[in-house]
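Everything on this sheet refers to the single structure shown next.
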Amino acid sequence: MATRTTSTHNAGAWRSGVVTAGLTSLAVGTVIMAVKFAAAFLTGSTALLADAGESIVNVVAGALLTYSLLVSRRPPDDDHPYGHGKAESLSAMVEGSLILVASSVIVAQAIRQLVAGPELSRLGIGIAISAAAGLANLGLGAYLWRVARSEASEALRADAVHVLTDTLTTAAGIVALGLVWVTGLTWIDPVAGLLVAANIVFAGWTLIRRALGGLLDEADFELLAAISERIDRERRDEWCEVHQLRAWSSGPVRHLDLHLVLPRYFTLEQAHTSGDRLENVLMSLLGDRGDVVMHVDPCRPQHCAGCAVAACAVRSTEYAAAAPFDVESLTRKGEI
C-alpha cells in the first residue's frame, strides 16, 4: 500500500483579511462599549446595563480573536504538522463561555432590580444613544459575517454571531425602555433584561457546541456529500473503489484522508498518474485550503464485479456495475 499527500496552504492570502477584521472588531467594539455604558449610567436601566456588560465580553473576545487568527494562519511546522487551525475553535469556545458568564451577570442584576425596584431617568437620551450603538454593531456584525464566510474562519464566525446577538440585546433594551416610557411600568426593564439573558445563553451554548466539534475533529458531512457527488461525476474506469474517506476541518483548512483501489497490475507510474487524477478532482473542490492524504491499494477479486476496466488480464468475475461512490460506500472501512 502506497501513501501520497497533497497539500496547499495559502496562509499569506488569508492573513490580511481575517486579521484586519479582528482588529476592526476590537476597535469598533471598544467604542461601542463606551457609548453603551454612557447610556446605561444616564438612564439607570438594567436592560441597557446588561447590554453594556455584554460589550465588555465583545472587547475581550475581540482581543482573543485577533490573537487566535494570527496563530491559526501560521503554516504547518515540525511541531504542528496539521497547522494551527484549532486555535480558532479554541477561541470560539472561550468566546461562547464568556457569553455565558455575561448572561449570569445580567440575570443577577435583573433580579436585584425586580426586588428593589428600578429607578429610571432620561429615557429619551438613553434610547437615542443605544440606537446609534445598535446600528454600529449591526454594521460590524454584517461585516464580520461576510469575512468569516469568505475566509472560512470559525473564530470570526463566532465573533460575528456574538456581535449580532449583542445587536438584538440592544434592540430589546430599547424596546423595554420605550414601553416603560409609554406605560410607566418600570418592572418591564428588568424583565426585558432576563429575556435578553436567555437569548444570550442560547447563543453562547451554540458557539460552544460548534467549537467543540472543531476541537474534536467532528466529521464534515456536508463536505463528504460534495466529495461523493464530485468523485462520482468525474470517475474513471480504473478507480475500482474508494473507501475509508474521512473529512474534517481545522480552522480554514479542510483535511481529507482516503483509500483508492487500483488494478493490481498497474506499474508505479500508472498508479501515480491515476492517483494524481483523483487528487486533482478533490483539490478542485477544496481550493487553496486543502490537505489530501491518499492510500493507494491493489485490487482484489472481490472488486472485479465493480471494476469497469475493459482489458483486464486478471479479472476473475464479469463486470456487473460500477462501484457506488455514495457517502456510505466512500466512508466505510475497506476489506484490503
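So you can find residues: chains in the C-alpha cells are A, B, ... in the order shown, residues in each start at 1, and ligands are numbered from 1 in order.
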**Report entry** DSSP helix (DSSP H, G or I) selection over stretch 163-244 of chain A, as a VMD selection string
**Finding:** chain A and resid 163 to 183 188 to 215 221 to 233
Query raised in the report: Which of these, A:Glu279, A:Asp257, A:Glu318, A:Asp326, has the shortest distance to A:Ser228 once you count only C-alpha atoms?
Result: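 Checking each candidate against A:Ser228, we get A:Asp326 as the closest.
Here the question is which of A:Ala63, A:Ala142, A:Asp237, A:Leu49 gets nearest to A:Leu26 using only C-alpha atoms, and that residue is A:Ala63.
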Requested in this report: Excluding A:Ala176 and residues on its chain fewer than 3 positions from it, collect all residues at most 7 Å away from it, counting only C-alpha atoms, and give them as a ChimeraX atom specification.
Outcome: /A:172-173,179-180,188-189,192
Query raised in the report: When distances are computed from only C-alpha atoms, which of A:Leu100, A:Ile127, A:Val18, A:Ile200 shows the smallest separation from A:Arg157?
Result: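 With only C-alpha atoms as the atom set, the closest residue is A:Val18.
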